[in-house]
$ cat data.txt   # compact mmCIF, C-alpha atoms and all ligand atoms
# COMPACT_ATOMS: atom_id res chain seq x y z
CA MET C 1 0.00 0.00 0.00
CA GLY C 2 1.38 3.43 -0.94
CA TYR C 3 1.27 6.55 1.15
CA PHE C 4 -1.72 7.86 -0.81
CA THR C 5 -3.47 4.67 -1.98
CA ASP C 6 -7.08 5.44 -3.02
CA LYS C 7 -6.48 9.19 -2.65
CA ALA C 8 -6.66 11.90 -5.29
CA ILE C 9 -4.50 15.00 -5.19
CA LEU C 10 -4.68 18.14 -7.32
CA VAL C 11 -1.47 19.88 -8.38
CA THR C 12 -1.20 23.27 -10.11
CA GLY C 13 1.92 24.09 -12.08
CA GLY C 14 2.78 20.44 -12.73
CA ALA C 15 4.20 20.94 -16.24
CA THR C 16 7.81 21.49 -15.18
CA GLY C 17 10.12 21.95 -12.21
CA ILE C 18 8.93 21.41 -8.65
CA GLY C 19 5.35 20.67 -9.75
CA ARG C 20 6.39 17.95 -12.19
CA GLU C 21 8.73 16.20 -9.75
CA THR C 22 6.21 16.43 -6.92
CA SER C 23 3.40 15.12 -9.12
CA LYS C 24 5.60 12.11 -10.00
CA ALA C 25 6.37 11.48 -6.32
CA ILE C 26 2.74 11.81 -5.22
CA ALA C 27 1.64 9.43 -7.99
CA ALA C 28 4.41 6.96 -7.08
CA ALA C 29 3.00 7.03 -3.54
CA GLY C 30 -0.34 5.81 -4.87
CA ALA C 31 -2.43 8.93 -5.50
CA ALA C 32 -4.33 9.77 -8.65
CA VAL C 33 -2.98 13.18 -9.64
CA MET C 34 -4.99 15.89 -11.40
CA ILE C 35 -2.66 18.49 -12.89
CA GLY C 36 -3.81 21.98 -13.82
CA ASP C 37 -1.36 24.07 -15.82
CA LYS C 38 -1.48 26.42 -18.76
CA ASP C 39 1.63 24.78 -20.26
CA ASP C 40 0.96 21.67 -22.38
CA ARG C 41 4.13 20.06 -21.03
CA ALA C 42 1.87 18.94 -18.17
CA GLY C 43 0.82 16.26 -20.69
CA GLU C 44 4.42 14.97 -20.62
CA THR C 45 4.28 14.80 -16.82
CA VAL C 46 1.12 12.69 -17.13
CA GLU C 47 2.81 10.37 -19.63
CA ILE C 48 5.84 9.91 -17.34
CA ILE C 49 3.52 9.04 -14.46
CA LYS C 50 1.48 6.61 -16.56
CA GLN C 51 4.60 4.88 -17.88
CA ALA C 52 5.67 4.34 -14.28
CA GLY C 53 2.32 2.67 -13.58
CA GLY C 54 0.64 5.64 -11.92
CA THR C 55 -2.59 7.53 -12.52
CA ALA C 56 -2.69 11.15 -13.66
CA GLU C 57 -4.64 13.55 -15.84
CA PHE C 58 -4.06 17.05 -17.11
CA LEU C 59 -6.68 19.74 -17.55
CA PRO C 60 -5.40 22.90 -19.25
CA THR C 61 -5.94 25.57 -16.61
CA ASP C 62 -4.89 29.16 -16.10
CA VAL C 63 -4.84 29.73 -12.35
CA THR C 64 -5.51 33.44 -12.80
CA SER C 65 -9.09 32.49 -13.75
CA ALA C 66 -11.33 31.54 -10.81
CA GLU C 67 -13.70 29.91 -13.27
CA GLN C 68 -10.97 27.65 -14.71
CA VAL C 69 -9.74 26.69 -11.24
CA ASN C 70 -13.29 25.83 -10.14
CA ARG C 71 -13.55 23.64 -13.23
CA LEU C 72 -10.24 21.94 -12.34
CA VAL C 73 -11.45 20.98 -8.87
CA ALA C 74 -14.77 19.74 -10.27
CA HIS C 75 -12.90 17.74 -12.92
CA CYS C 76 -10.69 16.09 -10.29
CA VAL C 77 -13.72 15.00 -8.28
CA GLU C 78 -15.58 13.86 -11.40
CA ARG C 79 -12.68 11.84 -12.86
CA PHE C 80 -11.27 10.33 -9.65
CA GLY C 81 -14.39 10.37 -7.47
CA ARG C 82 -12.67 12.41 -4.79
CA MET C 83 -10.09 15.04 -3.91
CA ASP C 84 -8.15 14.59 -0.68
CA GLY C 85 -5.37 17.13 -1.03
CA ALA C 86 -4.08 19.97 -3.17
CA PHE C 87 -0.65 21.38 -3.97
CA ASN C 88 -1.01 24.98 -5.14
CA ASN C 89 2.34 25.40 -6.80
CA ALA C 90 1.90 27.36 -10.05
CA GLY C 91 3.93 30.54 -10.01
CA VAL C 92 5.95 32.99 -12.05
CA LEU C 93 9.06 35.06 -11.44
CA PRO C 94 8.51 38.42 -13.14
CA PRO C 95 11.51 40.21 -14.73
CA GLN C 96 13.94 41.29 -12.02
CA ARG C 97 14.37 45.04 -11.61
CA PRO C 98 14.42 47.60 -8.82
CA ILE C 99 11.03 48.79 -7.58
CA HIS C 100 11.17 52.14 -9.36
CA GLU C 101 11.52 50.39 -12.73
CA VAL C 102 8.77 47.76 -12.35
CA SER C 103 5.92 48.22 -14.85
CA GLU C 104 2.29 47.87 -13.89
CA ASP C 105 2.01 44.80 -16.15
CA GLU C 106 4.89 43.11 -14.33
CA LEU C 107 3.31 43.93 -10.98
CA ASP C 108 -0.04 42.58 -12.16
CA LEU C 109 1.62 39.35 -13.33
CA ALA C 110 2.94 38.69 -9.82
CA ILE C 111 -0.37 39.63 -8.20
CA ASP C 112 -2.45 37.58 -10.65
CA VAL C 113 -0.42 34.35 -10.74
CA ASP C 114 1.53 34.26 -7.48
CA PHE C 115 -1.25 35.56 -5.24
CA LYS C 116 -4.68 35.44 -6.88
CA GLY C 117 -3.85 32.08 -8.48
CA VAL C 118 -3.29 30.56 -5.04
CA PHE C 119 -6.28 32.39 -3.55
CA PHE C 120 -8.68 31.19 -6.26
CA ALA C 121 -7.39 27.62 -6.00
CA MET C 122 -7.81 27.62 -2.23
CA GLN C 123 -11.36 28.94 -2.50
CA ALA C 124 -12.38 26.13 -4.84
CA GLU C 125 -10.54 23.48 -2.83
CA ILE C 126 -11.92 24.67 0.51
CA ARG C 127 -15.51 24.61 -0.82
CA HIS C 128 -14.97 20.97 -1.77
CA PHE C 129 -13.21 20.04 1.48
CA LEU C 130 -16.03 21.63 3.51
CA SER C 131 -18.49 19.42 1.65
CA VAL C 132 -16.58 16.20 2.45
CA GLY C 133 -15.40 16.94 5.99
CA GLY C 134 -11.77 17.92 5.45
CA GLY C 135 -8.61 17.83 3.38
CA ALA C 136 -5.05 19.09 3.18
CA ILE C 137 -3.62 22.00 1.22
CA VAL C 138 0.03 22.83 0.60
CA ASN C 139 0.92 26.13 -1.05
CA THR C 140 4.28 26.92 -2.62
CA ALA C 141 5.64 30.08 -1.04
CA SER C 142 9.40 30.75 -1.14
CA VAL C 143 12.23 31.92 1.06
CA GLY C 144 11.08 35.15 -0.57
CA ALA C 145 8.10 34.85 1.80
CA LEU C 146 10.48 35.24 4.75
CA ILE C 147 13.35 37.39 3.54
CA ALA C 148 13.89 39.70 0.57
CA ASP C 149 16.34 39.72 -2.30
CA PRO C 150 17.04 42.77 -4.46
CA ASN C 151 15.07 43.29 -7.68
CA MET C 152 12.30 40.84 -6.75
CA ALA C 153 9.96 43.10 -4.79
CA ALA C 154 6.64 42.10 -6.35
CA TYR C 155 7.52 38.39 -6.19
CA CYS C 156 8.66 38.66 -2.55
CA ALA C 157 5.56 40.64 -1.60
CA MET C 158 3.24 38.08 -3.21
CA LYS C 159 5.09 35.16 -1.59
CA HIS C 160 4.77 36.93 1.78
CA ALA C 161 1.07 37.15 0.92
CA VAL C 162 0.94 33.39 0.27
CA ALA C 163 2.45 32.78 3.72
CA GLY C 164 -0.18 35.07 5.27
CA LEU C 165 -2.97 33.46 3.30
CA THR C 166 -1.78 30.02 4.43
CA LYS C 167 -1.97 31.04 8.09
CA ALA C 168 -5.30 32.84 7.65
CA ALA C 169 -6.87 29.79 6.02
CA ALA C 170 -5.46 27.45 8.68
CA VAL C 171 -7.05 29.61 11.36
CA GLU C 172 -10.40 29.80 9.58
CA TYR C 173 -10.76 26.12 8.70
CA ALA C 174 -8.89 24.08 11.36
CA GLN C 175 -12.18 23.19 13.05
CA ALA C 176 -13.52 21.96 9.71
CA GLY C 177 -10.73 19.40 9.39
CA ILE C 178 -8.82 21.33 6.74
CA ARG C 179 -5.07 21.77 7.21
CA VAL C 180 -3.28 24.47 5.22
CA ASN C 181 0.51 24.68 5.11
CA ALA C 182 3.17 26.06 2.80
CA ILE C 183 6.66 25.21 1.69
CA ALA C 184 9.29 27.90 1.32
CA PRO C 185 11.91 26.60 -1.11
CA GLY C 186 15.31 28.20 -1.46
CA PHE C 187 17.21 28.10 -4.77
CA VAL C 188 15.94 25.12 -6.78
CA VAL C 189 17.14 24.46 -10.32
CA THR C 190 14.06 24.62 -12.56
CA PRO C 191 13.14 26.43 -15.78
CA MET C 192 12.29 29.44 -13.58
CA THR C 193 15.83 29.71 -12.19
CA GLN C 194 17.94 28.11 -14.94
CA HIS C 195 19.38 31.51 -15.88
CA TRP C 196 20.86 31.81 -12.37
CA ALA C 197 22.11 28.22 -12.32
CA ASP C 198 23.88 28.87 -15.64
CA SER C 199 25.65 31.99 -14.33
CA THR C 200 28.93 31.19 -12.56
CA GLU C 201 29.01 34.73 -11.24
CA PHE C 202 25.64 34.17 -9.57
CA THR C 203 26.30 30.68 -8.25
CA ASP C 204 29.75 31.65 -6.87
CA MET C 205 28.11 34.48 -4.93
CA PHE C 206 25.14 32.39 -3.82
CA PHE C 207 27.03 29.25 -2.79
CA GLN C 208 29.43 31.32 -0.71
CA HIS C 209 26.53 32.48 1.45
CA ASN C 210 24.51 29.25 1.52
CA ILE C 211 25.74 26.82 4.18
CA SER C 212 24.93 23.86 1.91
CA GLY C 213 27.15 25.26 -0.82
CA ARG C 214 24.72 24.20 -3.54
CA CYS C 215 21.22 24.65 -4.86
CA ALA C 216 18.46 22.03 -4.73
CA GLN C 217 17.03 19.75 -7.38
CA PRO C 218 13.22 19.97 -7.76
CA GLU C 219 12.71 16.40 -6.53
CA GLU C 220 14.12 17.49 -3.15
CA MET C 221 10.88 19.41 -2.50
CA ALA C 222 8.60 16.39 -2.98
CA GLY C 223 9.16 14.56 0.31
CA THR C 224 8.09 17.54 2.40
CA VAL C 225 5.03 18.18 0.24
CA LYS C 226 4.02 14.51 0.48
CA HIS C 227 4.43 14.59 4.25
CA LEU C 228 2.40 17.79 4.67
CA LEU C 229 -0.40 16.39 2.48
CA SER C 230 -0.52 13.14 4.42
CA ASP C 231 -2.06 12.13 7.74
CA ASP C 232 1.49 11.86 9.13
CA ALA C 233 1.31 15.65 9.39
CA SER C 234 -2.10 15.61 11.11
CA PHE C 235 -1.05 18.24 13.70
CA VAL C 236 0.90 20.49 11.31
CA ASN C 237 -1.29 23.46 10.41
CA GLY C 238 -0.60 27.04 9.36
CA ALA C 239 3.10 26.26 9.01
CA VAL C 240 5.52 27.67 6.44
CA TRP C 241 8.35 25.17 6.18
CA THR C 242 11.65 26.26 4.68
CA ILE C 243 13.39 23.81 2.34
CA ASP C 244 16.45 25.93 1.69
CA GLY C 245 19.53 23.98 2.72
CA GLY C 246 19.87 26.30 5.71
CA GLN C 247 19.93 29.52 3.67
CA THR C 248 17.67 31.46 6.03
CA ALA C 249 19.30 29.99 9.16
CA HIS C 250 22.58 31.67 8.34
N1 LIG M 301 12.87 27.40 -8.42
C1 LIG M 301 13.07 28.04 -7.27
O1 LIG M 301 14.21 28.34 -6.87
C2 LIG M 301 11.89 28.43 -6.42
C3 LIG M 301 12.15 28.93 -5.14
C4 LIG M 301 11.08 29.28 -4.33
C5 LIG M 301 9.78 29.13 -4.79
N2 LIG M 301 9.58 28.65 -6.05
C6 LIG M 301 8.18 28.50 -6.46
O2 LIG M 301 7.97 27.17 -6.86
C7 LIG M 301 6.85 27.10 -7.73
C8 LIG M 301 7.21 26.26 -8.93
O3 LIG M 301 8.21 26.92 -9.66
P1 LIG M 301 9.40 26.17 -10.38
O4 LIG M 301 10.65 26.68 -9.80
O5 LIG M 301 9.15 24.72 -10.42
O6 LIG M 301 9.32 26.82 -11.84
P2 LIG M 301 8.63 26.32 -13.19
O7 LIG M 301 8.62 27.50 -14.07
O8 LIG M 301 9.28 25.06 -13.64
O9 LIG M 301 7.15 25.93 -12.72
C9 LIG M 301 6.10 26.87 -12.65
C10 LIG M 301 4.86 26.18 -13.17
O10 LIG M 301 3.74 27.07 -13.00
C11 LIG M 301 3.01 27.07 -14.22
N3 LIG M 301 2.26 28.31 -14.36
C12 LIG M 301 2.75 29.57 -14.48
N4 LIG M 301 1.74 30.44 -14.64
C13 LIG M 301 0.59 29.72 -14.63
C14 LIG M 301 -0.79 30.05 -14.78
N5 LIG M 301 -1.19 31.32 -14.95
N6 LIG M 301 -1.69 29.05 -14.71
C15 LIG M 301 -1.30 27.77 -14.55
N7 LIG M 301 -0.01 27.40 -14.41
C16 LIG M 301 0.92 28.36 -14.46
C17 LIG M 301 4.08 26.92 -15.30
O11 LIG M 301 3.54 26.53 -16.54
C18 LIG M 301 4.97 25.86 -14.66
O12 LIG M 301 4.51 24.57 -14.91
C19 LIG M 301 6.50 28.55 -8.06
O13 LIG M 301 5.40 28.97 -7.26
C20 LIG M 301 7.76 29.31 -7.66
O14 LIG M 301 7.49 30.65 -7.34
C21 LIG M 301 10.59 28.29 -6.87
$ encode --input "data.txt" --output "structure tokens" --more "lines below"
Ligand SMILES: NC(=O)c1ccc[n+]([C@@H]2O[C@H](COP(=O)([O-])OP(=O)(O)OC[C@H]3O[C@@H](n4cnc5c(N)ncnc54)[C@H](O)[C@@H]3O)[C@@H](O)[C@H]2O)c1
Amino acid sequence: MGYFTDKAILVTGGATGIGRETSKAIAAAGAAVMIGDKDDRAGETVEIIKQAGGTAEFLPTDVTSAEQVNRLVAHCVERFGRMDGAFNNAGVLPPQRPIHEVSEDELDLAIDVDFKGVFFAMQAEIRHFLSVGGGAIVNTASVGALIADPNMAAYCAMKHAVAGLTKAAAVEYAQAGIRVNAIAPGFVVTPMTQHWADSTEFTDMFFQHNISGRCAQPEEMAGTVKHLLSDDASFVNGAVWTIDGGQTAH
């Protein structure tokens, strides 16, 4: 029996990076995985999962649309007969510039995807969990929810908002059997951060200040997400867990 046998879990942003690797890990642990993403490479994630003997589906979804996210939750329940947990992971890193140079469009991108995308997903998931007596939600925040880096103000502000939203939802719905937690990854090599990983100047500077002396691979996020979604974490609620190799401890 796997960790999530007979369970169904929804993942947003499962086309690449952390979402893809976590979807694979959740499926390998027995769950049926419903992926919502606006990138068709989510179909590749589904194929990888199926070839490994798992169950997964992809519904093209833009998380900035409440209507599309509602449809995603309904589709998960319709196709798999249930939804036990959700990993709200879709996100974007807008172009990096100092605050006085950020355009309104770039600001809106961060607000729409990194904040409203998580908010809309949680609304739809919570409505379902209230109707079935509970569930578990994990949001992807960032170390940018705890500290700030230069030229990433809108991203940092929206990730701080995700941490606040996580705690607010935990407080509102604990009595309804819904747990809401977040992960706060440090530097993980994914399509979002490949430009940093490819820059020796950046990595030399970063590794000097990170006690692990390296960045993470996306699959290193999956174990914590699985744990937080599972009953093993039954008393973890409203938490924002860093997965940063000690970056913010230093
Ligand atoms: N890579 C890192 O170092 C790092 C660090 C901290 C937090 N994060 C967060 O991790 C999450 C995953 O990012 P990643 O690093 O795997 O990058 P990624 O670019 O590989 O993954 C982001 C995913 O979100 C999807 N997405 C973007 N906008 C969307 C939209 N409007 N609707 C639906 N899906 C959308 C993308 O298609 C992609 O599949 C993000 O929330 C990101 O902010 C990443």
$ closest_atom_pairs --input "data.txt" --of "range 175-210 of chain C" --to "range 134-145 of chain C" --cutoff "9 Å" --atoms "only C-alpha atoms" --output "tab-separated table"
residue	atom	partner	partner_atom	distance
C:Ala176	CA	C:Gly134	CA	6.1
C:Gly177	CA	C:Gly134	CA	4.3
C:Ile178	CA	C:Gly134	CA	4.7
C:Arg179	CA	C:Ala136	CA	4.8
C:Val180	CA	C:Ile137	CA	4.7
C:Asn181	CA	C:Val138	CA	4.9
C:Ala182	CA	C:Asn139	CA	4.5
C:Ile183	CA	C:Thr140	CA	5.2
C:Ala184	CA	C:Ser142	CA	3.8
C:Pro185	CA	C:Ser142	CA	4.9
C:Gly186	CA	C:Val143	CA	5.4
C:Phe187	CA	C:Val143	CA	8.6
$ residues_near_ligand --input "data.txt" --ligand "ligand LIG 301 (chain M)" --cutoff "7 Å" --atoms "all atoms listed in the file" --output "PyMOL selection string"
chain C and resi 12-19+36-39+61-64+89-93+113-114+140-144+184-193+218
$ residues_around --input "data.txt" --residues "Asn210 in chain C" --least-positions-apart "2" --cutoff "12 Å" --atoms "all atoms listed in the file" --output "list in words"
Gly186, Phe187, Thr203, Asp204, Met205, Phe206, Phe207, Gln208, Ser212, Gly213, Arg214, Cys215, Ala216, Asp244, Gly245, Gly246, Gln247, Thr248, Ala249 and His250 of chain C
$ closest_residue --input "data.txt" --among "C:Ala161, C:Arg41, C:Ala8, C:Pro95" --to "Phe119 in chain C" --atoms "all atoms listed in the file"
C:Ala161
$ atom_distance --input "data.txt" --atom1 "CA of Thr55 in chain C" --atom2 "CA of Ala27 in chain C"
6.5 Å
$ atom_distance --input "data.txt" --atom1 "CA of Gly117 in chain C" --atom2 "CA of Glu47 in chain C"
25.3 Å
$ closest_residue --input "data.txt" --among "C:Ala56, C:Met122, C:Val162, C:Met221" --to "Thr22 in chain C" --atoms "all atoms listed in the file"
C:Met221
$ closest_residue --input "data.txt" --among "C:Tyr173, C:Trp196, C:Phe87, C:Phe202" --to "Thr224 in chain C" --atoms "only C-alpha atoms"
C:Phe87
$ closest_atom_pairs --input "data.txt" --of "range 144-221 of chain C" --to "range 97-111 of chain C" --cutoff "10 Å" --atoms "only C-alpha atoms" --output "Markdown table"
| residue | atom | partner | partner_atom | distance |
| --- | --- | --- | --- | --- |
| C:Pro150 | CA | C:Pro98 | CA | 7.0 |
| C:Asn151 | CA | C:Arg97 | CA | 4.4 |
| C:Met152 | CA | C:Arg97 | CA | 6.7 |
| C:Ala153 | CA | C:Ile99 | CA | 6.4 |
| C:Ala154 | CA | C:Leu107 | CA | 6.0 |
| C:Tyr155 | CA | C:Ala110 | CA | 5.9 |
| C:Cys156 | CA | C:Ala110 | CA | 9.3 |
| C:Ala157 | CA | C:Ala110 | CA | 8.8 |
| C:Met158 | CA | C:Ile111 | CA | 6.4 |
| C:Lys159 | CA | C:Ala110 | CA | 9.2 |
| C:Ala161 | CA | C:Ile111 | CA | 9.6 |
$ closest_residue --input "data.txt" --among "C:Phe115, C:Phe120, C:Phe58, C:Phe4" --to "Gly85 in chain C" --atoms "only C-alpha atoms"
C:Phe4
$ atom_distance --input "data.txt" --atom1 "CA of Arg82 in chain C" --atom2 "CA of Thr166 in chain C"
22.7 Å
$ closest_residue --input "data.txt" --among "C:Ser131, C:Gln175, C:Thr242, C:Ser230" --to "Gly30 in chain C" --atoms "all atoms listed in the file"
C:Ser230
$ residues_around --input "data.txt" --residues "Leu10 in chain C" --least-positions-apart "3" --cutoff "6 Å" --atoms "all atoms listed in the file" --output "PyMOL selection string"
chain C and resi 33-35+86
$ closest_residue --input "data.txt" --among "C:Gln96, C:Val69, C:Leu146, C:Ala74" --to "Lys116 in chain C" --atoms "all atoms listed in the file"
C:Val69
$ residues_around --input "data.txt" --residues "Gly53 in chain C" --least-positions-apart "5" --cutoff "12 Å" --atoms "all atoms listed in the file" --output "JSON, numbers by chain"
{"C": [24, 27, 28, 29, 30, 31, 32, 46, 47, 48]}
$ decode --input "data.txt" --residues "range 208-229 of chain C" --atoms "N, CA, C and O atoms" --output "PDB file, in the first residue's frame"
ATOM      1  N   GLN C 208      28.572  30.808  -1.778  1.00  0.00           N
ATOM      2  CA  GLN C 208      29.428  31.317  -0.714  1.00  0.00           C
ATOM      3  C   GLN C 208      28.604  31.623   0.541  1.00  0.00           C
ATOM      4  O   GLN C 208      29.075  31.451   1.660  1.00  0.00           O
ATOM      5  N   HIS C 209      27.361  32.062   0.315  1.00  0.00           N
ATOM      6  CA  HIS C 209      26.528  32.482   1.446  1.00  0.00           C
ATOM      7  C   HIS C 209      25.547  31.412   1.878  1.00  0.00           C
ATOM      8  O   HIS C 209      24.847  31.580   2.880  1.00  0.00           O
ATOM      9  N   ASN C 210      25.447  30.313   1.138  1.00  0.00           N
ATOM     10  CA  ASN C 210      24.511  29.254   1.519  1.00  0.00           C
ATOM     11  C   ASN C 210      25.307  28.144   2.196  1.00  0.00           C
ATOM     12  O   ASN C 210      26.249  27.612   1.609  1.00  0.00           O
ATOM     13  N   ILE C 211      24.931  27.786   3.413  1.00  0.00           N
ATOM     14  CA  ILE C 211      25.736  26.825   4.184  1.00  0.00           C
ATOM     15  C   ILE C 211      25.793  25.459   3.506  1.00  0.00           C
ATOM     16  O   ILE C 211      26.701  24.683   3.780  1.00  0.00           O
ATOM     17  N   SER C 212      24.863  25.147   2.619  1.00  0.00           N
ATOM     18  CA  SER C 212      24.928  23.858   1.913  1.00  0.00           C
ATOM     19  C   SER C 212      25.878  23.920   0.728  1.00  0.00           C
ATOM     20  O   SER C 212      26.265  22.879   0.182  1.00  0.00           O
ATOM     21  N   GLY C 213      26.209  25.121   0.294  1.00  0.00           N
ATOM     22  CA  GLY C 213      27.155  25.261  -0.815  1.00  0.00           C
ATOM     23  C   GLY C 213      26.626  24.753  -2.142  1.00  0.00           C
ATOM     24  O   GLY C 213      27.383  24.438  -3.060  1.00  0.00           O
ATOM     25  N   ARG C 214      25.317  24.672  -2.274  1.00  0.00           N
ATOM     26  CA  ARG C 214      24.719  24.199  -3.539  1.00  0.00           C
ATOM     27  C   ARG C 214      23.273  24.644  -3.611  1.00  0.00           C
ATOM     28  O   ARG C 214      22.728  25.148  -2.624  1.00  0.00           O
ATOM     29  N   CYS C 215      22.666  24.438  -4.772  1.00  0.00           N
ATOM     30  CA  CYS C 215      21.223  24.648  -4.860  1.00  0.00           C
ATOM     31  C   CYS C 215      20.543  23.275  -4.862  1.00  0.00           C
ATOM     32  O   CYS C 215      21.207  22.247  -4.907  1.00  0.00           O
ATOM     33  N   ALA C 216      19.216  23.287  -4.814  1.00  0.00           N
ATOM     34  CA  ALA C 216      18.465  22.029  -4.732  1.00  0.00           C
ATOM     35  C   ALA C 216      17.996  21.579  -6.108  1.00  0.00           C
ATOM     36  O   ALA C 216      17.857  22.386  -7.029  1.00  0.00           O
ATOM     37  N   GLN C 217      17.728  20.300  -6.227  1.00  0.00           N
ATOM     38  CA  GLN C 217      17.026  19.752  -7.385  1.00  0.00           C
ATOM     39  C   GLN C 217      15.530  19.722  -7.052  1.00  0.00           C
ATOM     40  O   GLN C 217      15.161  19.569  -5.873  1.00  0.00           O
ATOM     41  N   PRO C 218      14.663  19.865  -8.067  1.00  0.00           N
ATOM     42  CA  PRO C 218      13.222  19.966  -7.763  1.00  0.00           C
ATOM     43  C   PRO C 218      12.674  18.771  -6.990  1.00  0.00           C
ATOM     44  O   PRO C 218      11.776  18.925  -6.162  1.00  0.00           O
ATOM     45  N   GLU C 219      13.248  17.579  -7.224  1.00  0.00           N
ATOM     46  CA  GLU C 219      12.712  16.403  -6.527  1.00  0.00           C
ATOM     47  C   GLU C 219      12.957  16.473  -5.015  1.00  0.00           C
ATOM     48  O   GLU C 219      12.332  15.738  -4.243  1.00  0.00           O
ATOM     49  N   GLU C 220      13.848  17.371  -4.587  1.00  0.00           N
ATOM     50  CA  GLU C 220      14.118  17.491  -3.152  1.00  0.00           C
ATOM     51  C   GLU C 220      12.994  18.216  -2.401  1.00  0.00           C
ATOM     52  O   GLU C 220      13.020  18.302  -1.175  1.00  0.00           O
ATOM     53  N   MET C 221      12.038  18.761  -3.135  1.00  0.00           N
ATOM     54  CA  MET C 221      10.879  19.405  -2.498  1.00  0.00           C
ATOM     55  C   MET C 221       9.769  18.390  -2.205  1.00  0.00           C
ATOM     56  O   MET C 221       8.914  18.596  -1.342  1.00  0.00           O
ATOM     57  N   ALA C 222       9.771  17.279  -2.964  1.00  0.00           N
ATOM     58  CA  ALA C 222       8.598  16.387  -2.985  1.00  0.00           C
ATOM     59  C   ALA C 222       8.324  15.707  -1.643  1.00  0.00           C
ATOM     60  O   ALA C 222       7.160  15.556  -1.248  1.00  0.00           O
ATOM     61  N   GLY C 223       9.370  15.294  -0.944  1.00  0.00           N
ATOM     62  CA  GLY C 223       9.163  14.561   0.313  1.00  0.00           C
ATOM     63  C   GLY C 223       8.406  15.393   1.334  1.00  0.00           C
ATOM     64  O   GLY C 223       7.490  14.894   2.019  1.00  0.00           O
ATOM     65  N   THR C 224       8.761  16.659   1.433  1.00  0.00           N
ATOM     66  CA  THR C 224       8.094  17.540   2.404  1.00  0.00           C
ATOM     67  C   THR C 224       6.641  17.770   2.005  1.00  0.00           C
ATOM     68  O   THR C 224       5.747  17.768   2.854  1.00  0.00           O
ATOM     69  N   VAL C 225       6.415  17.960   0.704  1.00  0.00           N
ATOM     70  CA  VAL C 225       5.030  18.179   0.242  1.00  0.00           C
ATOM     71  C   VAL C 225       4.190  16.931   0.538  1.00  0.00           C
ATOM     72  O   VAL C 225       3.062  17.030   1.062  1.00  0.00           O
ATOM     73  N   LYS C 226       4.747  15.765   0.224  1.00  0.00           N
ATOM     74  CA  LYS C 226       4.018  14.513   0.485  1.00  0.00           C
ATOM     75  C   LYS C 226       3.667  14.401   1.970  1.00  0.00           C
ATOM     76  O   LYS C 226       2.543  14.061   2.340  1.00  0.00           O
ATOM     77  N   HIS C 227       4.663  14.687   2.805  1.00  0.00           N
ATOM     78  CA  HIS C 227       4.430  14.595   4.250  1.00  0.00           C
ATOM     79  C   HIS C 227       3.308  15.544   4.682  1.00  0.00           C
ATOM     80  O   HIS C 227       2.380  15.147   5.396  1.00  0.00           O
ATOM     81  N   LEU C 228       3.388  16.795   4.243  1.00  0.00           N
ATOM     82  CA  LEU C 228       2.398  17.789   4.667  1.00  0.00           C
ATOM     83  C   LEU C 228       0.994  17.447   4.160  1.00  0.00           C
ATOM     84  O   LEU C 228      -0.001  17.783   4.800  1.00  0.00           O
ATOM     85  N   LEU C 229       0.919  16.777   3.015  1.00  0.00           N
ATOM     86  CA  LEU C 229      -0.398  16.393   2.475  1.00  0.00           C
ATOM     87  C   LEU C 229      -0.960  15.152   3.174  1.00  0.00           C
ATOM     88  O   LEU C 229      -2.158  14.873   3.074  1.00  0.00           O
TER      89      LEU C 229
END
